[in-house]
file final-v2.cif (mmCIF, N, CA and C atoms and all ligand atoms)
data_input
loop_
_atom_site.label_atom_id
_atom_site.label_comp_id
_atom_site.auth_asym_id
_atom_site.auth_seq_id
_atom_site.Cartn_x
_atom_site.Cartn_y
_atom_site.Cartn_z
N MET A 253 32.13 13.26 -2.84
CA MET A 253 31.00 12.53 -3.40
C MET A 253 31.27 11.03 -3.32
N GLU A 254 30.37 10.31 -2.72
CA GLU A 254 30.52 8.87 -2.61
C GLU A 254 29.50 8.20 -3.52
N ARG A 255 29.95 7.17 -4.21
CA ARG A 255 29.06 6.46 -5.12
C ARG A 255 28.95 5.00 -4.71
N ILE A 256 27.71 4.51 -4.66
CA ILE A 256 27.48 3.09 -4.39
C ILE A 256 26.60 2.54 -5.50
N ASP A 257 27.01 1.44 -6.08
CA ASP A 257 26.18 0.78 -7.08
C ASP A 257 25.40 -0.35 -6.42
N SER A 258 24.07 -0.24 -6.46
CA SER A 258 23.26 -1.37 -6.03
C SER A 258 22.81 -2.10 -7.29
N CYS A 259 21.97 -3.11 -7.11
CA CYS A 259 21.63 -3.95 -8.27
C CYS A 259 20.92 -3.16 -9.36
N HIS A 260 20.07 -2.21 -8.98
CA HIS A 260 19.25 -1.54 -9.99
C HIS A 260 19.48 -0.03 -10.05
N SER A 261 20.28 0.48 -9.14
CA SER A 261 20.44 1.93 -9.06
C SER A 261 21.89 2.30 -8.78
N ILE A 262 22.18 3.55 -9.07
CA ILE A 262 23.45 4.14 -8.65
C ILE A 262 23.09 5.18 -7.60
N TRP A 263 23.71 5.07 -6.44
CA TRP A 263 23.43 5.99 -5.35
C TRP A 263 24.60 6.97 -5.26
N LEU A 264 24.27 8.25 -5.26
CA LEU A 264 25.31 9.27 -5.16
C LEU A 264 25.10 10.04 -3.85
N PHE A 265 26.13 10.06 -3.03
CA PHE A 265 26.05 10.73 -1.74
C PHE A 265 26.96 11.95 -1.75
N ASP A 266 26.35 13.10 -1.56
CA ASP A 266 27.10 14.33 -1.40
C ASP A 266 27.42 14.45 0.09
N THR A 267 28.60 13.95 0.46
CA THR A 267 28.91 13.82 1.88
C THR A 267 29.13 15.16 2.57
N GLU A 268 29.46 16.20 1.79
CA GLU A 268 29.66 17.51 2.39
C GLU A 268 28.34 18.19 2.73
N ARG A 269 27.36 18.02 1.83
CA ARG A 269 26.08 18.69 2.05
C ARG A 269 25.03 17.75 2.62
N MET A 270 25.42 16.51 2.90
CA MET A 270 24.54 15.51 3.50
C MET A 270 23.24 15.37 2.70
N ARG A 271 23.38 15.09 1.42
CA ARG A 271 22.22 14.83 0.60
C ARG A 271 22.60 13.74 -0.39
N PHE A 272 21.59 13.05 -0.89
CA PHE A 272 21.88 11.96 -1.82
C PHE A 272 20.83 11.92 -2.90
N ARG A 273 21.16 11.24 -3.97
CA ARG A 273 20.15 10.93 -4.97
C ARG A 273 20.40 9.54 -5.52
N ARG A 274 19.34 8.96 -6.05
CA ARG A 274 19.40 7.60 -6.55
C ARG A 274 19.04 7.64 -8.03
N VAL A 275 19.88 7.08 -8.86
CA VAL A 275 19.69 7.14 -10.30
C VAL A 275 19.48 5.73 -10.81
N PRO A 276 18.40 5.49 -11.55
CA PRO A 276 18.25 4.16 -12.16
C PRO A 276 19.43 3.86 -13.07
N LYS A 277 19.86 2.60 -13.10
CA LYS A 277 21.07 2.27 -13.85
C LYS A 277 20.96 2.58 -15.34
N GLU A 278 19.72 2.54 -15.87
CA GLU A 278 19.59 2.81 -17.30
C GLU A 278 19.72 4.30 -17.62
N THR A 279 19.71 5.16 -16.59
CA THR A 279 19.92 6.58 -16.79
C THR A 279 21.40 6.91 -16.69
N SER A 280 21.87 7.75 -17.56
CA SER A 280 23.27 8.17 -17.46
C SER A 280 23.42 9.10 -16.26
N ILE A 281 24.46 8.87 -15.44
CA ILE A 281 24.64 9.75 -14.29
C ILE A 281 25.24 11.09 -14.72
N ASP A 282 25.57 11.21 -16.00
CA ASP A 282 26.02 12.50 -16.50
C ASP A 282 24.87 13.46 -16.75
N THR A 283 23.64 12.93 -16.73
CA THR A 283 22.47 13.79 -16.87
C THR A 283 22.49 14.82 -15.75
N PRO A 284 22.36 16.10 -16.08
CA PRO A 284 22.44 17.12 -15.03
C PRO A 284 21.37 16.90 -13.96
N ALA A 285 21.77 16.98 -12.71
CA ALA A 285 20.85 16.75 -11.60
C ALA A 285 20.11 18.03 -11.28
N LEU A 286 18.82 17.88 -11.04
CA LEU A 286 18.04 19.01 -10.56
C LEU A 286 18.21 19.11 -9.05
N GLU A 287 18.07 20.30 -8.55
CA GLU A 287 18.16 20.50 -7.11
C GLU A 287 17.16 19.60 -6.37
N SER A 288 16.00 19.41 -7.01
CA SER A 288 14.94 18.62 -6.37
C SER A 288 15.23 17.12 -6.43
N ASP A 289 16.23 16.71 -7.19
CA ASP A 289 16.57 15.30 -7.23
C ASP A 289 17.25 14.84 -5.94
N TRP A 290 17.80 15.80 -5.22
CA TRP A 290 18.56 15.46 -4.03
C TRP A 290 17.64 15.38 -2.82
N GLU A 291 17.92 14.38 -1.98
CA GLU A 291 17.20 14.24 -0.73
C GLU A 291 18.19 14.31 0.41
N PRO A 292 17.79 14.94 1.50
CA PRO A 292 18.72 14.97 2.65
C PRO A 292 18.82 13.60 3.30
N TYR A 293 19.97 13.32 3.86
CA TYR A 293 20.12 12.10 4.65
C TYR A 293 20.94 12.44 5.90
N TYR A 294 20.86 11.56 6.87
CA TYR A 294 21.45 11.88 8.17
C TYR A 294 22.49 10.87 8.61
N GLY A 295 22.74 9.91 7.77
CA GLY A 295 23.76 8.93 8.10
C GLY A 295 23.79 7.84 7.07
N LEU A 296 24.95 7.26 6.89
CA LEU A 296 25.11 6.17 5.94
C LEU A 296 25.95 5.09 6.61
N GLU A 297 25.36 3.91 6.71
CA GLU A 297 26.09 2.80 7.31
C GLU A 297 26.27 1.72 6.27
N ILE A 298 27.49 1.31 6.08
CA ILE A 298 27.79 0.27 5.11
C ILE A 298 28.42 -0.90 5.85
N SER A 299 27.89 -2.07 5.63
CA SER A 299 28.49 -3.26 6.20
C SER A 299 29.54 -3.79 5.25
N PRO A 300 30.82 -3.76 5.66
CA PRO A 300 31.87 -4.20 4.74
C PRO A 300 31.78 -5.69 4.41
N ASP A 301 31.19 -6.46 5.30
CA ASP A 301 31.11 -7.91 5.07
C ASP A 301 30.06 -8.26 4.05
N SER A 302 28.84 -7.77 4.26
CA SER A 302 27.73 -8.18 3.41
C SER A 302 27.51 -7.23 2.24
N GLY A 303 28.05 -6.01 2.33
CA GLY A 303 27.78 -5.03 1.28
C GLY A 303 26.43 -4.36 1.45
N ALA A 304 25.71 -4.70 2.52
CA ALA A 304 24.44 -4.04 2.78
C ALA A 304 24.70 -2.63 3.28
N PHE A 305 23.81 -1.70 2.92
CA PHE A 305 23.96 -0.36 3.47
C PHE A 305 22.60 0.21 3.84
N ALA A 306 22.61 1.16 4.75
CA ALA A 306 21.39 1.78 5.23
C ALA A 306 21.58 3.28 5.24
N VAL A 307 20.62 4.00 4.68
CA VAL A 307 20.64 5.44 4.63
C VAL A 307 19.60 5.96 5.61
N ALA A 308 20.00 6.78 6.56
CA ALA A 308 19.06 7.35 7.52
C ALA A 308 18.38 8.56 6.91
N LEU A 309 17.04 8.55 6.90
CA LEU A 309 16.28 9.63 6.28
C LEU A 309 15.79 10.66 7.29
N ASN A 310 16.00 10.40 8.56
CA ASN A 310 15.67 11.41 9.56
C ASN A 310 16.73 11.37 10.65
N GLN A 311 16.71 12.41 11.47
CA GLN A 311 17.77 12.59 12.44
C GLN A 311 17.84 11.47 13.47
N SER A 312 16.66 10.97 13.86
CA SER A 312 16.64 9.92 14.88
C SER A 312 16.88 8.53 14.28
N ARG A 313 17.08 8.49 12.99
CA ARG A 313 17.42 7.26 12.29
C ARG A 313 16.38 6.18 12.45
N THR A 314 15.11 6.60 12.52
CA THR A 314 14.04 5.62 12.56
C THR A 314 13.56 5.28 11.16
N ARG A 315 13.84 6.16 10.20
CA ARG A 315 13.50 5.88 8.81
C ARG A 315 14.77 5.54 8.05
N LEU A 316 14.87 4.30 7.64
CA LEU A 316 16.08 3.85 6.96
C LEU A 316 15.73 3.28 5.59
N LEU A 317 16.56 3.61 4.64
CA LEU A 317 16.45 3.05 3.31
C LEU A 317 17.57 2.02 3.20
N ARG A 318 17.18 0.78 2.93
CA ARG A 318 18.20 -0.27 2.90
C ARG A 318 18.38 -0.82 1.50
N SER A 319 19.60 -1.11 1.18
CA SER A 319 19.88 -1.77 -0.09
C SER A 319 21.20 -2.52 0.03
N TRP A 320 21.66 -3.05 -1.09
CA TRP A 320 22.90 -3.80 -1.10
C TRP A 320 23.77 -3.31 -2.24
N ARG A 321 25.04 -3.36 -2.02
CA ARG A 321 25.98 -3.15 -3.10
C ARG A 321 25.84 -4.28 -4.10
N HIS A 322 25.91 -3.93 -5.37
CA HIS A 322 25.95 -4.95 -6.41
C HIS A 322 27.38 -5.40 -6.59
N THR A 323 27.61 -6.68 -6.48
CA THR A 323 28.96 -7.21 -6.64
C THR A 323 28.94 -8.29 -7.71
N GLU A 324 30.08 -8.69 -8.16
CA GLU A 324 30.20 -9.79 -9.12
C GLU A 324 30.93 -10.96 -8.48
N PRO A 325 30.31 -12.15 -8.42
CA PRO A 325 28.92 -12.41 -8.77
C PRO A 325 27.99 -11.85 -7.71
N CYS A 326 26.75 -11.58 -8.08
CA CYS A 326 25.84 -10.94 -7.15
C CYS A 326 24.77 -11.91 -6.68
N GLU A 327 24.68 -12.07 -5.36
CA GLU A 327 23.68 -12.99 -4.82
C GLU A 327 22.29 -12.38 -4.79
N HIS A 328 22.19 -11.06 -5.03
CA HIS A 328 20.89 -10.41 -4.94
C HIS A 328 20.17 -10.35 -6.27
N CYS A 329 20.88 -10.21 -7.37
CA CYS A 329 20.19 -10.11 -8.64
C CYS A 329 20.59 -11.20 -9.63
N ALA A 330 21.59 -12.00 -9.29
CA ALA A 330 21.95 -13.09 -10.18
C ALA A 330 20.84 -14.14 -10.17
N PRO A 331 20.63 -14.79 -11.30
CA PRO A 331 19.64 -15.87 -11.32
C PRO A 331 20.02 -16.94 -10.31
N VAL A 332 19.06 -17.35 -9.53
CA VAL A 332 19.33 -18.33 -8.50
C VAL A 332 18.89 -19.70 -9.01
N THR A 333 19.78 -20.64 -8.91
CA THR A 333 19.47 -21.97 -9.43
C THR A 333 18.90 -22.84 -8.32
N VAL A 334 17.64 -22.61 -8.04
CA VAL A 334 16.91 -23.47 -7.11
C VAL A 334 15.66 -23.94 -7.82
N ASP A 335 14.94 -24.89 -7.23
CA ASP A 335 13.78 -25.40 -7.96
C ASP A 335 12.66 -24.37 -7.97
N VAL A 336 11.74 -24.55 -8.89
CA VAL A 336 10.74 -23.53 -9.20
C VAL A 336 9.86 -23.19 -7.99
N ASP A 337 9.49 -24.20 -7.21
CA ASP A 337 8.62 -23.94 -6.06
C ASP A 337 9.28 -23.01 -5.05
N ALA A 338 10.55 -23.26 -4.76
CA ALA A 338 11.26 -22.44 -3.79
C ALA A 338 11.39 -21.00 -4.30
N THR A 339 11.64 -20.84 -5.58
CA THR A 339 11.76 -19.50 -6.16
C THR A 339 10.47 -18.72 -5.99
N GLY A 340 9.35 -19.40 -6.21
CA GLY A 340 8.05 -18.75 -6.04
C GLY A 340 7.85 -18.23 -4.64
N GLU A 341 8.24 -19.02 -3.66
CA GLU A 341 8.09 -18.59 -2.27
C GLU A 341 8.94 -17.36 -1.98
N VAL A 342 10.15 -17.36 -2.48
CA VAL A 342 11.06 -16.25 -2.23
C VAL A 342 10.50 -14.96 -2.82
N SER A 343 10.02 -15.01 -4.07
CA SER A 343 9.56 -13.78 -4.68
C SER A 343 8.28 -13.27 -4.01
N LEU A 344 7.44 -14.19 -3.50
CA LEU A 344 6.26 -13.75 -2.76
C LEU A 344 6.67 -12.98 -1.51
N ALA A 345 7.65 -13.50 -0.78
CA ALA A 345 8.08 -12.86 0.44
C ALA A 345 8.67 -11.49 0.15
N GLU A 346 9.43 -11.38 -0.92
CA GLU A 346 10.09 -10.12 -1.23
C GLU A 346 9.11 -9.07 -1.73
N ALA A 347 8.02 -9.53 -2.35
CA ALA A 347 7.07 -8.60 -2.91
C ALA A 347 6.40 -7.74 -1.84
N SER A 348 6.38 -8.22 -0.60
CA SER A 348 5.71 -7.47 0.46
C SER A 348 6.60 -6.35 1.03
N GLU A 349 7.87 -6.36 0.63
CA GLU A 349 8.76 -5.35 1.16
C GLU A 349 8.94 -4.21 0.16
N PRO A 350 9.16 -3.01 0.64
CA PRO A 350 9.41 -1.91 -0.29
C PRO A 350 10.68 -2.17 -1.09
N ASN A 351 10.62 -1.91 -2.35
CA ASN A 351 11.77 -2.14 -3.20
C ASN A 351 12.69 -0.92 -3.17
N THR A 352 13.82 -1.12 -2.54
CA THR A 352 14.78 -0.01 -2.47
C THR A 352 15.91 -0.19 -3.45
N GLY A 353 15.84 -1.30 -4.22
CA GLY A 353 16.81 -1.71 -5.20
C GLY A 353 17.78 -0.67 -5.57
ZN ZN A 401 23.18 -7.31 -8.00
#
call {"tool": "encode", "arguments": {"input": "final-v2.cif", "output": "structure tokens"}}
result
Amino acid sequence: MERIDSCHSIWLFDTERMRFRRVPKETSIDTPALESDWEPYYGLEISPDSGAFAVALNQSRTRLLRSWRHTEPCEHCAPVTVDVDATGEVSLAEASEPNTG
């Protein structure tokens, strides 16, 4: 079982059965998992440099779920100290993307 903590979720990968589930951080991972909580996956790529990872949801790896490892300090969820106008632009751009947090 491989575990990855992203900013908002805990990802659990059952590497033997090639299935994974994503648990919101506010949920205890000790909560018993239902069989239906698990989704199959076909590959997991982790970038050791950036902490970004991609989960392949189909065999041809055309459907990918992307997220980032949460690290301390975290550039993805830590408050960013830039001026207000720039922050507004960033959040607008991010809002158009699916949140895989
Ligand atoms: Zn984070």
call {"tool": "closest_residue", "arguments": {"input": "final-v2.cif", "among": "A:Phe265, A:Ala330, A:Ser302, A:Arg273", "to": "Ser288 of chain A", "atoms": "only C-alpha atoms"}}
result
A:Arg273
call {"tool": "residues_near_ligand", "arguments": {"input": "final-v2.cif", "ligand": "ligand ZN 401 (chain A)", "cutoff": "6 Å", "atoms": "all atoms listed in the file", "output": "list in words"}}
result
Ser258, Cys259, Arg321, His322, Thr323, Cys326, Glu327, His328, Cys329 and Ala330 of chain A
call {"tool": "residues_around", "arguments": {"input": "final-v2.cif", "residues": "Gly303 of chain A", "least_positions_apart": "4", "cutoff": "6 Å", "atoms": "only N, CA and C atoms", "output": "PyMOL selection string"}}
result
chain A and resi 298-299+319-321
call {"tool": "residues_around", "arguments": {"input": "final-v2.cif", "residues": "segment 305-315 of chain A", "least_positions_apart": "2", "cutoff": "6 Å", "atoms": "only C-alpha atoms", "output": "list in words"}}
result
Tyr293, Tyr294, Gly295, Leu296, Glu297, Ile298, Leu317, Arg318, Ser319 and Trp320 of chain A
call {"tool": "atom_distance", "arguments": {"input": "final-v2.cif", "atom1": "atom CA of Phe272 of chain A", "atom2": "atom CA of Asp289 of chain A"}}
result
8.3 Å
call {"tool": "atom_distance", "arguments": {"input": "final-v2.cif", "atom1": "atom CA of Glu324 of chain A", "atom2": "atom CA of Glu291 of chain A"}}
result
28.6 Å
call {"tool": "residues_around", "arguments": {"input": "final-v2.cif", "residues": "Arg274 of chain A", "least_positions_apart": "3", "cutoff": "8 Å", "atoms": "only N, CA and C atoms", "output": "PyMOL selection string"}}
result
chain A and resi 260-265+277+289-291
call {"tool": "atom_distance", "arguments": {"input": "final-v2.cif", "atom1": "atom N of Ser280 of chain A", "atom2": "atom N of Asp301 of chain A"}}
result
28.5 Å
call {"tool": "build_atoms", "arguments": {"input": "final-v2.cif", "residues": "segment 309-323 of chain A", "atoms": "N, CA, C and O atoms", "output": "mmCIF file, keeping the file's coordinate frame"}}
result
data_model
loop_
_atom_site.group_PDB
_atom_site.id
_atom_site.type_symbol
_atom_site.label_atom_id
_atom_site.label_comp_id
_atom_site.auth_asym_id
_atom_site.auth_seq_id
_atom_site.Cartn_x
_atom_site.Cartn_y
_atom_site.Cartn_z
ATOM 1 N N LEU A 309 17.040 8.550 6.900
ATOM 2 C CA LEU A 309 16.280 9.630 6.280
ATOM 3 C C LEU A 309 15.790 10.660 7.290
ATOM 4 O O LEU A 309 15.218 11.675 6.906
ATOM 5 N N ASN A 310 16.000 10.400 8.560
ATOM 6 C CA ASN A 310 15.670 11.410 9.560
ATOM 7 C C ASN A 310 16.730 11.370 10.650
ATOM 8 O O ASN A 310 17.547 10.449 10.716
ATOM 9 N N GLN A 311 16.710 12.410 11.470
ATOM 10 C CA GLN A 311 17.770 12.590 12.440
ATOM 11 C C GLN A 311 17.840 11.470 13.470
ATOM 12 O O GLN A 311 18.901 11.069 13.894
ATOM 13 N N SER A 312 16.660 10.970 13.860
ATOM 14 C CA SER A 312 16.640 9.920 14.880
ATOM 15 C C SER A 312 16.880 8.530 14.280
ATOM 16 O O SER A 312 16.847 7.536 14.985
ATOM 17 N N ARG A 313 17.080 8.490 12.990
ATOM 18 C CA ARG A 313 17.420 7.260 12.290
ATOM 19 C C ARG A 313 16.380 6.180 12.450
ATOM 20 O O ARG A 313 16.700 4.991 12.514
ATOM 21 N N THR A 314 15.110 6.600 12.520
ATOM 22 C CA THR A 314 14.040 5.620 12.560
ATOM 23 C C THR A 314 13.560 5.280 11.160
ATOM 24 O O THR A 314 12.891 4.273 10.958
ATOM 25 N N ARG A 315 13.840 6.160 10.200
ATOM 26 C CA ARG A 315 13.500 5.880 8.810
ATOM 27 C C ARG A 315 14.770 5.540 8.050
ATOM 28 O O ARG A 315 15.641 6.393 7.887
ATOM 29 N N LEU A 316 14.870 4.300 7.640
ATOM 30 C CA LEU A 316 16.080 3.850 6.960
ATOM 31 C C LEU A 316 15.730 3.280 5.590
ATOM 32 O O LEU A 316 14.722 2.599 5.422
ATOM 33 N N LEU A 317 16.560 3.610 4.640
ATOM 34 C CA LEU A 317 16.450 3.050 3.310
ATOM 35 C C LEU A 317 17.570 2.020 3.200
ATOM 36 O O LEU A 317 18.735 2.349 3.359
ATOM 37 N N ARG A 318 17.180 0.780 2.930
ATOM 38 C CA ARG A 318 18.200 -0.270 2.900
ATOM 39 C C ARG A 318 18.380 -0.820 1.500
ATOM 40 O O ARG A 318 17.421 -0.983 0.760
ATOM 41 N N SER A 319 19.600 -1.110 1.180
ATOM 42 C CA SER A 319 19.880 -1.770 -0.090
ATOM 43 C C SER A 319 21.200 -2.520 0.030
ATOM 44 O O SER A 319 21.755 -2.620 1.122
ATOM 45 N N TRP A 320 21.660 -3.050 -1.090
ATOM 46 C CA TRP A 320 22.900 -3.800 -1.100
ATOM 47 C C TRP A 320 23.770 -3.310 -2.240
ATOM 48 O O TRP A 320 23.281 -2.957 -3.302
ATOM 49 N N ARG A 321 25.040 -3.360 -2.020
ATOM 50 C CA ARG A 321 25.980 -3.150 -3.100
ATOM 51 C C ARG A 321 25.840 -4.280 -4.100
ATOM 52 O O ARG A 321 25.715 -5.438 -3.734
ATOM 53 N N HIS A 322 25.910 -3.930 -5.370
ATOM 54 C CA HIS A 322 25.950 -4.950 -6.410
ATOM 55 C C HIS A 322 27.380 -5.400 -6.590
ATOM 56 O O HIS A 322 28.272 -4.572 -6.782
ATOM 57 N N THR A 323 27.610 -6.680 -6.480
ATOM 58 C CA THR A 323 28.960 -7.210 -6.640
ATOM 59 C C THR A 323 28.940 -8.290 -7.710
ATOM 60 O O THR A 323 27.881 -8.737 -8.124
#
